[in-house]
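Visitor: Submitted below is the structure of interest, expressed as structure tokens.
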2 protein chains.
Amino acid sequence: MKVLLVYAHPEPLSLNGSIKTFAVERLQAAGHTVRVSDLYAMNWKPALDAADSLDGAATGRFDASLDSKRAFEGGRQSADIALEQEKLMWADTVILQFPMWWFSMPAILKGWVERVYAHGFAYGVGEHSDRRWGNRYGEGNLAGKRAMLIVTTGGWESHYSARGINGPIDDILFPIQHGILYYPGFEVLPPFVVYRTSRVDQARFETISEELGRRLDTLETAAPIAFRPQNGGAYDIPQLTLRDDVAPGLIGFAAHRKA
Amino acid sequence: MKVLLVYAHPEPLSLNGSIKTFAVERLQAAGHTVRVSDLYAMNWKPALDAADSLDGAATGRFDASLDSKRAFEGGRQSADIALEQEKLMWADTVILQFPMWWFSMPAILKGWVERVYAHGFAYGVGEHSDRRWGNRYGEGNLAGKRAMLIVTTGGWESHYSARGINGPIDDILFPIQHGILYYPGFEVLPPFVVYRTSRVDQARFETISEELGRRLDTLETAAPIAFRPQNGGAYDIPQLTLRDDVAPGLIGFAAHRKA
């Protein structure tokens with residue numbers, strides 16, 4: 001299996017650094033090929049702007065979507081963007097690993113998504129009309145690949161429980177798992193979350209490693225989160241609301257997963 | 001009133017640029033003082049790292065939280081961070097304006113939050129023990145101030161409705177409104193959201209301006225979102241789960257707003 005690990009932490013001697021090293025070694029020991037995009041080490045440019053196209057703003061007025069489309073179609077993207085897209089197309093499985101900062105991914109990783117997810121590559125794919133709203137949410141250029149998050153957070157698991165003050169972890173991760181990974185076609189495996197990171201000693205790190213090891217050993221076989229495909233009949237188009245007979249009465253993020 | 005507008009869009013000649021200009025002029029015409037942090041124009045550094053402290057990683061091993069604490073307490077923060085904190089303390093009301101990219105704020109704005117929200121400034125404030133989990137979620141250094149989002153998105157309003165495929169807009173914005181704004185003490189006003197940005201002609205821009213103008217005229221008086229304060233008795237500490245008798249049976253983000 002070919003695995004791309006996109007990793008966003010500034011300190012190699014951190015818990016995240018140790019988890020990354022463990023994950024790479026575990027996957028390699030199982031015979032997989034691993035490539036790592038270590039965004040801080042790469043000095044990844046986080047901010048999407050006109051310089052992402054070799055032609056700059058084609059009309060003199062930068063349009064994030066149209067200039068991305070032109071650059072992607074014309075082979076005029078910044079080389080760092082094209083390389084990450086090549087890695088994504090190469091991989092069977094993509095892992096995003098990051099510390100949760102302010103209830104989302106670090107800026108440097110968000111900027112990887114914004115710049116690498118070009119128009120025509122990750123969105124704006126397929127027919128867009130009154131009867132079809134593109135190949136997305138279960139379809140797209142990354143369909144057939146799997147993805148998984150490895151996330152660390154300082155808070156306790158109870159703080160992220162169904163009635164925990166931060167909100168349920170599945171809901172906090174929905175914009176990433178559904179909106180960033182499922183959107184261009186990935187099947188999304190349940191996340192691996194490490195809580196209470198300030199209290200990780202050697203014994204606990206071994207427990208974490210064992211649990212993560214089991215998850216990495218089953219990357220190919222684990223059941224993905226059962227998000228509903230956009231074009232599978234569950235949604236009215238172009239409103240893109242769930243049909244009345246699908247999960248009747250249910251609202252919010254949970255309605256977009258099959259029970 | 002003193003208003004800080006934190007603005008994240010790379011193109012001045014965009015819909016966001018026009019909305020920003022309108023907002024500043026409307027507020028000034030009403031007699032308010034406005035400062036703008038135009039993050040792209042400022043070439044804001046998005047990635048949090050050891051360089052955010054003048055002392056670098058104090059122990060040789062960078063710790064995002066501890067090094068931030070040292071730098072904040074010792075007056076050793078990078079000057080760009082200290083200046084934004086000064087603007088936040090100056091303001092009565094803070095507006096974050098951005099295009100929604102991949103269901104969250106642009107990386108450059110996320111990096112503003114990560115770097116400006118120092119330990120001791122926006123988190124790690126107040127007593128942390130088994131009976132008190134800091135001054136946050138309704139308390140903190142930004143208490144008494146108001147905040148509001150101005151957000152644009154290409155999708156339709158129905159795509160962000162209760163059963164819309166992207167998830168309800170209130171839930172998508174919860175990690176920002178509750179996790180980033182309410183957390184250090186802001187009272188959070190309902191967001192101003194512009195949908196379907198590819199179809200904004202002059203007539204529609206005038207409608208948008210009128211609606212936004214009304215929102216800006218009532219910044220001081222509008223009722224904030226009724227998030228539940230952490231230390232107001234609704235949560236068990238230190239688990240930080242809602243007490244059984246508060247919104248019984250309710251789970252998810254909605255449970256953290258009073259009905």
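Each chain of the structure tokens is named A, B, ... in the order shown, its residues numbered from 1; ligands are numbered from 1 in display order.
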Counting only C-alpha atoms, what is within 7 Å of region 23-38 of chain B, bar same-chain residues fewer than 2 positions away, as a list of chain:residue names?

Guide: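 Residues near the query, excluding close chain neighbours: B:Met1, B:Lys2, B:Val3, B:Leu4, B:Leu5, B:Val6, B:Tyr7, B:Ala8, B:Ile19, B:Lys20, B:Thr21, B:Tyr40, B:Ala41, B:Met42, B:Gly213, B:Leu216.
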
Visitor: Do you have, as a Markdown table, the list of residues of chain B lying at most 6 Å from chain A, each with its nearest atom pair and that distance in Å to one decimal, counting only C-alpha atoms and ordered by chain then number?

Guide:
| residue | atom | partner | partner_atom | distance |
| --- | --- | --- | --- | --- |
| B:Glu11 | CA | A:Phe62 | CA | 5.7 |
| B:Ala47 | CA | A:Ile108 | CA | 5.6 |
| B:Phe62 | CA | A:Glu11 | CA | 5.8 |
| B:Phe103 | CA | A:Pro175 | CA | 5.8 |
| B:Ala107 | CA | A:Ala107 | CA | 4.6 |
| B:Ile108 | CA | A:Ala47 | CA | 5.6 |
| B:Lys110 | CA | A:Ala107 | CA | 5.3 |
| B:Gly111 | CA | A:Ala107 | CA | 5.0 |
| B:Ser158 | CA | A:Gln239 | CA | 5.7 |
| B:His159 | CA | A:Leu240 | CA | 5.5 |
| B:Ala162 | CA | A:Ile251 | CA | 5.3 |
| B:Arg163 | CA | A:Thr241 | CA | 5.3 |
| B:Gly164 | CA | A:Thr241 | CA | 4.1 |
| B:Ile165 | CA | A:Leu240 | CA | 5.7 |
| B:Gly167 | CA | A:Phe253 | CA | 5.3 |
| B:Pro168 | CA | A:Gly252 | CA | 5.9 |
| B:Pro175 | CA | A:Phe103 | CA | 5.8 |
| B:Gln239 | CA | A:Ser158 | CA | 5.7 |
| B:Leu240 | CA | A:His159 | CA | 5.5 |
| B:Thr241 | CA | A:Gly164 | CA | 4.2 |
| B:Leu242 | CA | A:Arg163 | CA | 5.6 |
| B:Ile251 | CA | A:Ala162 | CA | 5.3 |
| B:Gly252 | CA | A:Ala162 | CA | 5.7 |
| B:Phe253 | CA | A:Gly167 | CA | 5.3 |

Visitor: Step one, run DSSP on the backbone; step two, keep only residues of region 67-243 of chain A assigned to strand (DSSP E); then write them as a PyMOL selection string.

Guide: chain A and resi 93-99+146-152+187-188+192-194+235-236+241-242

Visitor: Rounded to one decimal in Å, what is the spacing between CA of Met89 (chain A) and CA of Phe192 (chain A)?

Guide: 23.3 Å

Visitor: Using only C-alpha atoms for the distances, tell me which of A:Leu15, A:Ile225, A:Ala203, A:Ala147 is nearest to Ile95 (chain A).

Guide: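 Using only C-alpha atoms, Ile95 (chain A) sits closest to A:Ala147.
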
Visitor: What is the CA of Glu139 (chain B) to CA of Leu88 (chain B) distance in Å?

Guide: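 So the answer is 15.2 Å.
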
Visitor: Find, counting only C-alpha atoms, the residue in B:Thr197, B:Val246, B:Glu220, B:Gly232 that gets nearest to Asn135 (chain B).

Guide: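 Checking each candidate against Asn135 (chain B), we get B:Gly232 as the closest.
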
Visitor: Take CA of Ser18 (chain A) and CA of Asp201 (chain A) and report the distance between them in Å, one decimal.

Guide: 12.0 Å

Visitor: So which bits of region 20-202 of chain B end up helix (DSSP H, G or I) when you DSSP the backbone, as JSON, numbers by chain?

Guide: {"B": [20, 21, 22, 23, 24, 25, 26, 27, 28, 29, 50, 51, 52, 64, 65, 66, 67, 68, 69, 70, 71, 72, 73, 79, 80, 81, 82, 83, 84, 85, 86, 87, 88, 89, 90, 107, 108, 109, 110, 111, 112, 113, 114, 115, 116, 157, 158, 159, 160, 169, 170, 171, 172, 173, 174, 175, 176, 177, 178, 179, 180, 181, 182, 197, 198, 199, 202]}
